[in-house]
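work_27.txt (compact mmCIF, C-alpha atoms and all ligand atoms)
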```
# COMPACT_ATOMS: atom_id res chain seq x y z
CA MET A 113 17.84 266.21 100.17
CA THR A 114 16.16 267.24 103.42
CA SER A 115 16.25 270.69 104.89
CA ILE A 116 17.50 270.37 108.48
CA GLY A 117 17.79 272.94 111.29
CA PHE A 118 20.51 271.89 113.76
CA ILE A 119 20.82 273.56 117.19
CA GLY A 120 23.86 272.79 119.38
CA LEU A 121 27.07 272.38 117.38
CA GLY A 122 29.37 271.35 120.26
CA ASN A 123 31.67 268.36 120.62
CA MET A 124 28.94 265.97 119.49
CA GLY A 125 26.55 268.16 117.50
CA GLY A 126 29.36 269.70 115.40
CA PRO A 127 30.57 266.45 113.82
CA MET A 128 27.02 265.03 113.61
CA ALA A 129 25.82 268.06 111.66
CA ALA A 130 28.96 267.89 109.49
CA ASN A 131 28.02 264.32 108.50
CA LEU A 132 24.56 265.50 107.43
CA VAL A 133 26.17 268.21 105.27
CA LYS A 134 28.51 265.58 103.79
CA ALA A 135 25.49 263.40 102.98
CA GLY A 136 24.10 266.23 100.83
CA HIS A 137 21.42 267.62 103.14
CA LYS A 138 20.80 271.34 103.49
CA VAL A 139 21.78 271.98 107.12
CA VAL A 140 21.25 275.33 108.80
CA GLY A 141 23.05 275.37 112.14
CA PHE A 142 22.98 277.52 115.24
CA ASP A 143 24.98 277.58 118.48
CA LEU A 144 25.28 280.23 121.18
CA SER A 145 29.05 279.72 121.03
CA LYS A 146 30.64 281.74 118.24
CA ALA A 147 33.56 279.30 118.06
CA ALA A 148 31.22 276.33 117.56
CA LEU A 149 29.23 278.19 114.91
CA ASP A 150 32.38 279.36 113.09
CA ALA A 151 33.67 275.78 112.91
CA PHE A 152 30.43 274.53 111.29
CA ALA A 153 30.71 273.65 107.59
CA GLY A 154 27.00 274.15 106.77
CA GLU A 155 24.88 277.29 106.60
CA LYS A 156 25.25 279.41 109.75
CA ALA A 157 22.08 280.95 111.25
CA ALA A 158 22.02 284.09 113.37
CA SER A 159 19.49 282.61 115.82
CA ALA A 160 17.77 279.37 116.76
CA ALA A 161 14.58 280.75 115.20
CA ALA A 162 16.35 281.33 111.89
CA ALA A 163 17.83 277.83 111.94
CA VAL A 164 14.45 276.12 112.27
CA LYS A 165 12.08 278.32 110.28
CA ASP A 166 12.37 276.51 106.92
CA ALA A 167 13.42 273.10 108.23
CA GLU A 168 11.58 269.86 107.51
CA VAL A 169 13.55 268.26 110.36
CA VAL A 170 14.87 269.99 113.49
CA ILE A 171 17.70 268.34 115.44
CA THR A 172 18.97 269.51 118.83
CA MET A 173 22.16 268.41 120.62
CA LEU A 174 22.29 270.40 123.86
CA PRO A 175 23.92 269.95 127.27
CA ALA A 176 21.00 269.08 129.59
CA GLY A 177 17.24 269.08 130.28
CA PRO A 178 16.78 272.80 131.07
CA HIS A 179 18.47 273.79 127.77
CA VAL A 180 16.21 271.41 125.85
CA SER A 181 13.02 272.66 127.57
CA SER A 182 13.81 276.31 126.93
CA VAL A 183 15.11 275.93 123.35
CA TYR A 184 11.93 274.07 122.32
CA ALA A 185 9.52 276.34 124.22
CA ASP A 186 11.15 279.65 123.27
CA HIS A 187 12.56 279.02 119.79
CA VAL A 188 11.48 275.78 118.12
CA PHE A 189 7.74 275.61 118.83
CA PRO A 190 7.06 279.28 117.93
CA ASN A 191 9.14 279.22 114.72
CA ALA A 192 9.26 275.71 113.22
CA ARG A 193 7.23 274.86 110.14
CA LYS A 194 3.96 272.99 110.55
CA GLY A 195 4.65 269.26 110.20
CA ALA A 196 8.36 269.54 110.97
CA LEU A 197 9.82 266.45 112.62
CA LEU A 198 11.64 267.32 115.87
CA ILE A 199 14.51 265.12 117.09
CA ASP A 200 16.32 265.79 120.38
CA CYS A 201 19.63 263.89 120.56
CA SER A 202 20.79 265.37 123.91
CA THR A 203 21.08 263.12 126.97
CA ILE A 204 18.45 264.42 129.41
CA ASP A 205 16.13 263.13 132.13
CA VAL A 206 13.22 260.93 131.11
CA GLU A 207 10.59 263.22 132.67
CA THR A 208 11.74 266.31 130.77
CA ALA A 209 11.95 264.31 127.53
CA ARG A 210 8.33 263.16 128.00
CA ALA A 211 7.15 266.66 128.98
CA VAL A 212 8.76 268.31 125.93
CA SER A 213 7.33 265.58 123.69
CA ARG A 214 3.83 266.19 125.12
CA ALA A 215 4.23 269.93 124.59
CA ALA A 216 5.31 269.26 121.00
CA ALA A 217 2.23 267.12 120.38
CA GLU A 218 0.00 269.88 121.81
CA LYS A 219 1.54 272.30 119.29
CA GLY A 220 0.95 269.81 116.44
CA PHE A 221 4.54 268.57 116.05
CA THR A 222 5.89 265.04 116.07
CA MET A 223 8.88 264.57 118.32
CA LEU A 224 11.46 261.88 119.02
CA ASP A 225 14.02 261.61 121.82
CA ALA A 226 17.13 260.08 120.23
CA PRO A 227 20.13 260.14 122.57
CA VAL A 228 23.34 258.56 121.36
CA SER A 229 26.25 256.51 122.52
CA GLY A 230 29.62 256.27 120.82
CA GLY A 231 31.27 259.50 121.95
CA THR A 232 32.97 262.15 119.87
CA GLY A 233 34.87 259.50 117.88
CA GLY A 234 31.59 257.85 116.88
CA ALA A 235 30.08 261.25 116.07
CA ALA A 236 32.98 262.07 113.73
CA ALA A 237 32.99 258.63 112.11
CA GLY A 238 29.18 258.52 111.73
CA THR A 239 29.01 255.30 113.75
CA LEU A 240 26.88 256.39 116.71
CA THR A 241 24.20 254.21 118.29
CA PHE A 242 20.81 255.98 118.44
CA MET A 243 18.20 254.96 121.02
CA VAL A 244 14.93 256.39 119.81
CA GLY A 245 11.71 257.01 121.74
CA GLY A 246 8.50 258.10 120.04
CA GLU A 247 5.89 256.97 117.52
CA ALA A 248 6.82 254.24 115.02
CA ASN A 249 5.96 256.30 111.93
CA ALA A 250 8.06 259.23 113.17
CA PHE A 251 10.91 256.79 113.77
CA GLU A 252 10.64 255.57 110.16
CA ARG A 253 10.72 259.19 108.97
CA ALA A 254 13.82 259.89 111.03
CA ARG A 255 15.70 256.70 110.24
CA PRO A 256 17.33 257.78 106.91
CA ILE A 257 18.60 260.97 108.56
CA LEU A 258 19.90 259.19 111.66
CA GLU A 259 21.63 256.61 109.44
CA LYS A 260 23.87 259.38 108.13
CA MET A 261 25.15 259.95 111.68
CA GLY A 262 25.02 256.45 113.14
CA LYS A 263 25.43 252.77 112.48
CA THR A 264 22.93 251.26 114.93
CA ILE A 265 19.48 252.81 115.16
CA VAL A 266 17.06 251.19 117.63
CA HIS A 267 13.42 252.13 118.22
CA THR A 268 13.14 251.65 121.99
CA GLY A 269 9.41 252.44 122.42
CA PRO A 270 7.25 255.49 123.15
CA ALA A 271 8.44 259.01 124.05
CA GLY A 272 11.15 259.04 126.73
CA ASN A 273 12.23 255.46 126.10
CA GLY A 274 15.32 256.58 124.18
CA GLN A 275 16.48 258.40 127.30
CA ALA A 276 15.49 255.42 129.46
CA ALA A 277 17.68 253.11 127.34
CA LYS A 278 20.57 255.57 127.47
CA ILE A 279 20.64 255.94 131.25
CA CYS A 280 20.16 252.21 131.90
CA ASN A 281 23.06 251.43 129.54
CA ASN A 282 25.30 254.05 131.12
CA MET A 283 24.45 252.90 134.61
CA ILE A 284 25.64 249.41 133.61
CA LEU A 285 28.79 250.95 132.15
CA GLY A 286 29.52 253.17 135.17
CA ILE A 287 29.16 250.22 137.56
CA SER A 288 31.11 247.76 135.39
CA MET A 289 34.02 250.19 135.07
CA ILE A 290 34.33 250.40 138.86
CA ALA A 291 34.23 246.61 139.14
CA VAL A 292 37.04 246.26 136.58
CA CYS A 293 39.12 248.95 138.33
CA GLU A 294 38.73 247.21 141.70
CA GLY A 295 39.76 243.92 140.11
CA PHE A 296 42.98 245.42 138.75
CA ALA A 297 43.72 247.22 142.04
CA LEU A 298 43.33 243.97 143.97
CA ALA A 299 45.49 242.11 141.42
CA GLU A 300 48.27 244.63 141.96
CA LYS A 301 48.20 244.13 145.73
CA LEU A 302 48.29 240.37 145.21
CA GLY A 303 51.32 240.59 142.93
CA LEU A 304 49.31 239.54 139.86
CA ASP A 305 50.43 241.24 136.63
CA ALA A 306 47.74 243.41 134.97
CA GLN A 307 48.34 241.82 131.56
CA LYS A 308 47.90 238.32 133.07
CA LEU A 309 44.59 239.32 134.69
CA PHE A 310 43.51 240.76 131.33
CA ASP A 311 44.51 237.57 129.50
CA VAL A 312 42.36 235.52 131.87
CA SER A 313 39.36 237.83 132.43
CA SER A 314 38.98 238.92 128.81
CA LYS A 315 38.32 235.24 128.01
CA SER A 316 36.40 234.41 131.20
CA SER A 317 33.18 235.36 132.96
CA GLY A 318 34.56 238.75 134.08
CA GLN A 319 34.62 239.84 130.42
CA CYS A 320 32.85 243.14 129.65
CA TRP A 321 33.28 246.27 127.48
CA SER A 322 35.01 248.20 130.30
CA LEU A 323 37.66 245.49 130.35
CA THR A 324 38.13 244.48 126.73
CA THR A 325 37.55 247.75 124.82
CA TYR A 326 38.31 250.39 127.41
CA CYS A 327 40.74 248.66 129.76
CA PRO A 328 41.37 251.15 132.63
CA VAL A 329 45.00 250.13 133.20
CA PRO A 330 47.68 250.96 130.62
CA GLY A 331 48.97 248.19 128.40
CA PRO A 332 46.43 245.52 127.47
CA VAL A 333 44.24 247.67 125.14
CA PRO A 334 46.45 250.25 123.34
CA SER A 335 43.55 252.42 122.11
CA ALA A 336 42.10 252.90 125.65
CA PRO A 337 42.42 256.32 127.41
CA SER A 338 44.54 254.69 130.15
CA ASN A 339 47.43 254.73 127.64
CA ARG A 340 47.22 258.49 127.11
CA GLY A 341 47.15 259.74 130.68
CA TYR A 342 43.36 259.24 130.88
CA GLN A 343 42.58 262.03 128.44
CA PRO A 344 38.91 261.59 127.42
CA GLY A 345 37.14 259.79 125.78
CA PHE A 346 34.19 260.17 128.06
CA THR A 347 34.83 262.34 131.09
CA ALA A 348 34.11 261.36 134.68
CA GLU A 349 31.91 264.48 134.75
CA MET A 350 29.70 263.14 131.96
CA MET A 351 29.46 259.73 133.57
CA LEU A 352 28.38 261.42 136.80
CA LYS A 353 25.73 263.38 134.91
CA ASP A 354 24.28 260.18 133.43
CA LEU A 355 24.41 258.30 136.75
CA ARG A 356 22.55 261.15 138.42
CA LEU A 357 19.92 261.02 135.68
CA ALA A 358 19.62 257.28 136.35
CA GLN A 359 19.20 257.93 140.09
CA GLN A 360 16.57 260.59 139.40
CA ALA A 361 14.65 258.13 137.18
CA ALA A 362 15.05 255.33 139.71
CA ALA A 363 13.65 257.51 142.50
CA ALA A 364 10.68 258.55 140.36
CA ALA A 365 9.98 254.93 139.34
CA LYS A 366 10.66 253.57 142.87
CA ALA A 367 13.32 251.23 141.45
CA ALA A 368 16.07 249.91 143.74
CA THR A 369 19.46 250.55 142.13
CA PRO A 370 21.91 250.34 145.05
CA LEU A 371 25.01 249.82 142.91
CA GLY A 372 23.95 252.68 140.63
CA ALA A 373 23.72 254.88 143.73
CA ALA A 374 27.16 253.75 144.94
CA ALA A 375 28.64 254.37 141.48
CA ALA A 376 27.19 257.91 141.41
CA GLY A 377 28.75 258.49 144.84
CA LEU A 378 32.20 257.33 143.71
CA TYR A 379 32.21 259.47 140.53
CA ALA A 380 31.04 262.43 142.66
CA LEU A 381 34.05 261.88 144.94
CA MET A 382 36.27 261.74 141.85
CA GLU A 383 34.85 265.12 140.88
CA GLU A 384 35.58 266.51 144.34
CA ALA A 385 39.13 265.20 144.01
CA GLY A 386 39.57 267.40 140.92
CA MET A 387 39.43 264.50 138.45
CA SER A 388 36.19 265.35 136.63
CA LYS A 389 37.86 266.25 133.32
CA LEU A 390 39.77 262.97 133.16
CA ASP A 391 38.30 260.00 131.38
CA PHE A 392 35.89 258.04 133.59
CA SER A 393 38.26 255.06 133.45
CA ALA A 394 40.61 257.13 135.67
CA MET A 395 38.50 255.46 138.36
CA ALA A 396 41.42 252.99 138.20
CA LEU A 397 43.58 255.67 139.85
CA PHE A 398 40.90 256.83 142.27
CA VAL A 399 40.25 253.38 143.76
CA LYS A 400 43.97 253.18 144.54
CA GLY A 401 43.90 256.57 146.30
CA LYS A 402 45.70 258.29 143.41
CA ARG A 403 44.64 261.56 141.76
CA THR A 404 46.95 261.74 138.74
CA PRO A 405 48.54 259.11 136.44
CA ASP A 406 52.05 259.62 137.95
P1 LIG B 501 28.97 270.49 124.30
O1 LIG B 501 28.90 271.31 125.53
O2 LIG B 501 30.26 270.32 123.58
O3 LIG B 501 27.89 271.03 123.23
C1 LIG B 501 26.65 271.59 123.56
C2 LIG B 501 26.50 272.85 122.72
O4 LIG B 501 25.21 273.38 122.94
C3 LIG B 501 27.51 273.95 123.07
O5 LIG B 501 28.27 274.27 121.93
C4 LIG B 501 26.64 275.09 123.56
O6 LIG B 501 27.14 276.37 123.19
C5 LIG B 501 25.33 274.79 122.85
N1 LIG B 501 24.17 275.43 123.46
C6 LIG B 501 23.82 275.44 124.76
N2 LIG B 501 22.68 276.13 124.92
C7 LIG B 501 22.29 276.54 123.69
C8 LIG B 501 21.20 277.28 123.20
N3 LIG B 501 20.24 277.75 124.02
N4 LIG B 501 21.13 277.53 121.87
C9 LIG B 501 22.10 277.08 121.03
N5 LIG B 501 23.16 276.37 121.44
C10 LIG B 501 23.25 276.10 122.75
O7 LIG B 501 28.37 269.04 124.71
P2 LIG B 501 28.49 267.68 123.87
O8 LIG B 501 29.65 266.91 124.35
O9 LIG B 501 28.31 267.98 122.43
O10 LIG B 501 27.19 266.92 124.44
C11 LIG B 501 25.88 267.23 124.01
C12 LIG B 501 24.93 266.20 124.58
O11 LIG B 501 25.33 264.89 124.13
C13 LIG B 501 24.92 266.14 126.11
O12 LIG B 501 23.60 265.96 126.53
C14 LIG B 501 25.80 264.95 126.43
O13 LIG B 501 25.46 264.35 127.65
C15 LIG B 501 25.49 264.04 125.26
N6 LIG B 501 26.54 263.06 124.93
C16 LIG B 501 27.86 263.44 124.89
C17 LIG B 501 28.82 262.49 124.57
C18 LIG B 501 30.29 262.87 124.51
O14 LIG B 501 31.13 261.96 124.49
N7 LIG B 501 30.64 264.15 124.43
C19 LIG B 501 28.45 261.17 124.27
C20 LIG B 501 27.11 260.84 124.28
C21 LIG B 501 26.15 261.79 124.61
```
Target encoding structure tokens, full file:
Amino acid sequence: MTSIGFIGLGNMGGPMAANLVKAGHKVVGFDLSKAALDAFAGEKAASAAAAVKDAEVVITMLPAGPHVSSVYADHVFPNARKGALLIDCSTIDVETARAVSRAAAEKGFTMLDAPVSGGTGGAAAGTLTFMVGGEANAFERARPILEKMGKTIVHTGPAGNGQAAKICNNMILGISMIAVCEGFALAEKLGLDAQKLFDVSSKSSGQCWSLTTYCPVPGPVPSAPSNRGYQPGFTAEMMLKDLRLAQQAAAAAKAATPLGAAAAGLYALMEEAGMSKLDFSAMALFVKGKRTPD
């Protein structure tokens, strides 16, 4: 049994922390939201400081970089036990992840950035993919804990490389979804049935996850959000967040990512069209000039 302080019990953190409780760990949780804290099955702390003070491992699952910087600087570093292993699972920018990791090292802590993919379904089922940046021995320490929340755990290199893997993967996903949506929109104009295009492309060189697992038009893949009015899933808003992080990293690294930039632009337009809370596969509507499923 490990004693774990868990900060950020939202849509992802809540079920992740619940899986750690189920696995028999002592989990002390904290969230600024009373509703999120009330729903938590483990021990509820009155503050972030109280959640981390006796923890051997601290896990955070927060919205964005500024939350991570301030929670670590103001609450975790001043209150965590000497030698505690710190794991941030939020999706944030690479530079902030590296800066917080450096600050942790200066205070004598070991830190990992361990963002996830797999969504709320994966968080509930304990089947997330973890992309982990940081030192190899810290990764080995973290692995048995992460295995209680995920199925695939990959050490992607030094600090920040977990976030780098996450934004590169999501940039691929954001672009590939648009490509699939354009393909189906063109098929419709050409009088080609969506199911027929699926039958061909899912077995041909156009095959990809956006098509075969998350098909953006209703019908071919019954479990996809397109069959439930594009209820998320993974919102267009979150995809836009990740694409902007990718653009920020690309600018800092002087990397040319023209399709990533175009994808960010299209999801931003979707947001302006009032579609940000729909699943990102609602891009299938947007590329046809539609705003709602009907
Ligand atoms: P969420 O908004 O549901 O949860 C974040 C929680 O953090 C909230 O409950 C909020 O009250 C809490 N919080 C914010 N500031 C805090 C503070 N200072 N102290 C304590 N609690 C604080 O978001 P989420 O969907 O759980 O996402 C969390 C992270 O995971 C994000 O970085 C997101 O990009 C990433 N992510 C989400 C998904 C998804 O499908 N939802 C998938 C992969 C990655």
Report as JSON the centre and the edge lengths, in Å to one decimal, of the axis-aligned box holding every listed atom of stretch 248-260 of chain A, padded by 6 Å on each side.
```
{"center_x": 14.9, "center_y": 257.6, "center_z": 111.0, "size_x": 29.9, "size_y": 18.7, "size_z": 20.1}
```
key: Among the residues A:Gly269, A:Gly220, A:Pro227, A:Gly195, the one that comes closest to ligand LIG 501 (chain B) [using only C-alpha atoms and all ligand atoms]   = A:Pro227
key: Distance query A:Gly120 at most 7 Å, all atoms listed in the file, self and fewer than 2 positions along chain excluded, as JSON, numbers by chain   = {"A": [118, 122, 125, 142, 143, 172, 173, 174]}
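We find atom C1 of ligand LIG 501 (chain B) and atom CA of A:Ala161 to be spaced 17.3 Å apart.
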Per-residue nearest contacts chain A to ligand LIG 501 (chain B), cut-off 9 Å, using only C-alpha atoms and all ligand atoms, as a Markdown table:
```
| residue | atom | partner | partner_atom | distance |
| --- | --- | --- | --- | --- |
| A:Ile119 | CA | B:LIG501 | C9 | 5.4 |
| A:Gly120 | CA | B:LIG501 | O4 | 3.9 |
| A:Leu121 | CA | B:LIG501 | O5 | 5.1 |
| A:Gly122 | CA | B:LIG501 | O3 | 3.3 |
| A:Asn123 | CA | B:LIG501 | O2 | 3.8 |
| A:Met124 | CA | B:LIG501 | O9 | 3.6 |
| A:Gly125 | CA | B:LIG501 | O9 | 5.2 |
| A:Gly126 | CA | B:LIG501 | O9 | 7.3 |
| A:Phe142 | CA | B:LIG501 | C9 | 5.9 |
| A:Asp143 | CA | B:LIG501 | N5 | 3.7 |
| A:Leu144 | CA | B:LIG501 | N5 | 4.4 |
| A:Ser145 | CA | B:LIG501 | O6 | 4.4 |
| A:Lys146 | CA | B:LIG501 | O6 | 8.1 |
| A:Ala147 | CA | B:LIG501 | O5 | 8.3 |
| A:Ala148 | CA | B:LIG501 | O5 | 5.7 |
| A:Leu149 | CA | B:LIG501 | O5 | 8.1 |
| A:Ser159 | CA | B:LIG501 | C9 | 8.0 |
| A:Ala160 | CA | B:LIG501 | N4 | 6.4 |
| A:Thr172 | CA | B:LIG501 | O4 | 8.4 |
| A:Met173 | CA | B:LIG501 | C11 | 5.2 |
| A:Leu174 | CA | B:LIG501 | O4 | 4.3 |
| A:Pro175 | CA | B:LIG501 | O12 | 4.1 |
| A:Ala176 | CA | B:LIG501 | O12 | 5.1 |
| A:Gly177 | CA | B:LIG501 | O12 | 8.0 |
| A:His179 | CA | B:LIG501 | N2 | 5.6 |
| A:Val180 | CA | B:LIG501 | N3 | 7.7 |
| A:Ser182 | CA | B:LIG501 | N3 | 7.2 |
| A:Val183 | CA | B:LIG501 | N3 | 5.5 |
| A:His187 | CA | B:LIG501 | N3 | 8.9 |
| A:Cys201 | CA | B:LIG501 | O11 | 6.8 |
| A:Ser202 | CA | B:LIG501 | O12 | 3.9 |
| A:Thr203 | CA | B:LIG501 | O12 | 3.8 |
| A:Ile204 | CA | B:LIG501 | O12 | 6.1 |
| A:Pro227 | CA | B:LIG501 | C21 | 6.6 |
| A:Val228 | CA | B:LIG501 | C20 | 5.3 |
| A:Ser229 | CA | B:LIG501 | C20 | 4.8 |
| A:Gly230 | CA | B:LIG501 | C19 | 6.1 |
| A:Gly231 | CA | B:LIG501 | O14 | 3.5 |
| A:Thr232 | CA | B:LIG501 | O14 | 5.0 |
| A:Gly233 | CA | B:LIG501 | O14 | 8.0 |
| A:Gly234 | CA | B:LIG501 | O14 | 8.7 |
| A:Ala235 | CA | B:LIG501 | C19 | 8.4 |
| A:Leu240 | CA | B:LIG501 | C20 | 8.8 |
| A:Lys278 | CA | B:LIG501 | C21 | 8.8 |
| A:Pro344 | CA | B:LIG501 | O14 | 8.3 |
| A:Gly345 | CA | B:LIG501 | O14 | 6.5 |
| A:Phe346 | CA | B:LIG501 | O14 | 5.0 |
| A:Thr347 | CA | B:LIG501 | O14 | 7.6 |
| A:Met350 | CA | B:LIG501 | O13 | 6.2 |
| A:Met351 | CA | B:LIG501 | O13 | 8.5 |
| A:Lys353 | CA | B:LIG501 | O13 | 7.3 |
| A:Asp354 | CA | B:LIG501 | O13 | 7.2 |
```
request  = For stretch 391-404 of chain A, work out the shell of residues within 9 Å, counting only C-alpha atoms and skipping chain neighbours fewer than 5 positions away, then give it as number ranges by chain.
outcome  = A: 286, 289-290, 292-294, 296-297, 322, 326-329, 336-338, 341-352, 378-379, 381-382, 385-386
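Atom CA of A:Glu218 to atom CA of A:Pro190 spans 12.4 Å [interatomic distance, one decimal].
Relative to atom CA of A:Asn131, atom CA of A:Asn281 is found at 25.2 Å.
Nearest to A:Gly331 of all the residues A:Gln307, A:Thr114, A:Gln275, A:Asn282 is A:Gln307, counting only C-alpha atoms.
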request  = Excluding A:Val133 and any residue of its chain fewer than 5 positions from it, enumerate the residues within 8 Å of it, using only C-alpha atoms, and give them as a list in words.
outcome  = Lys138, Val139, Ala153 and Gly154 of chain A
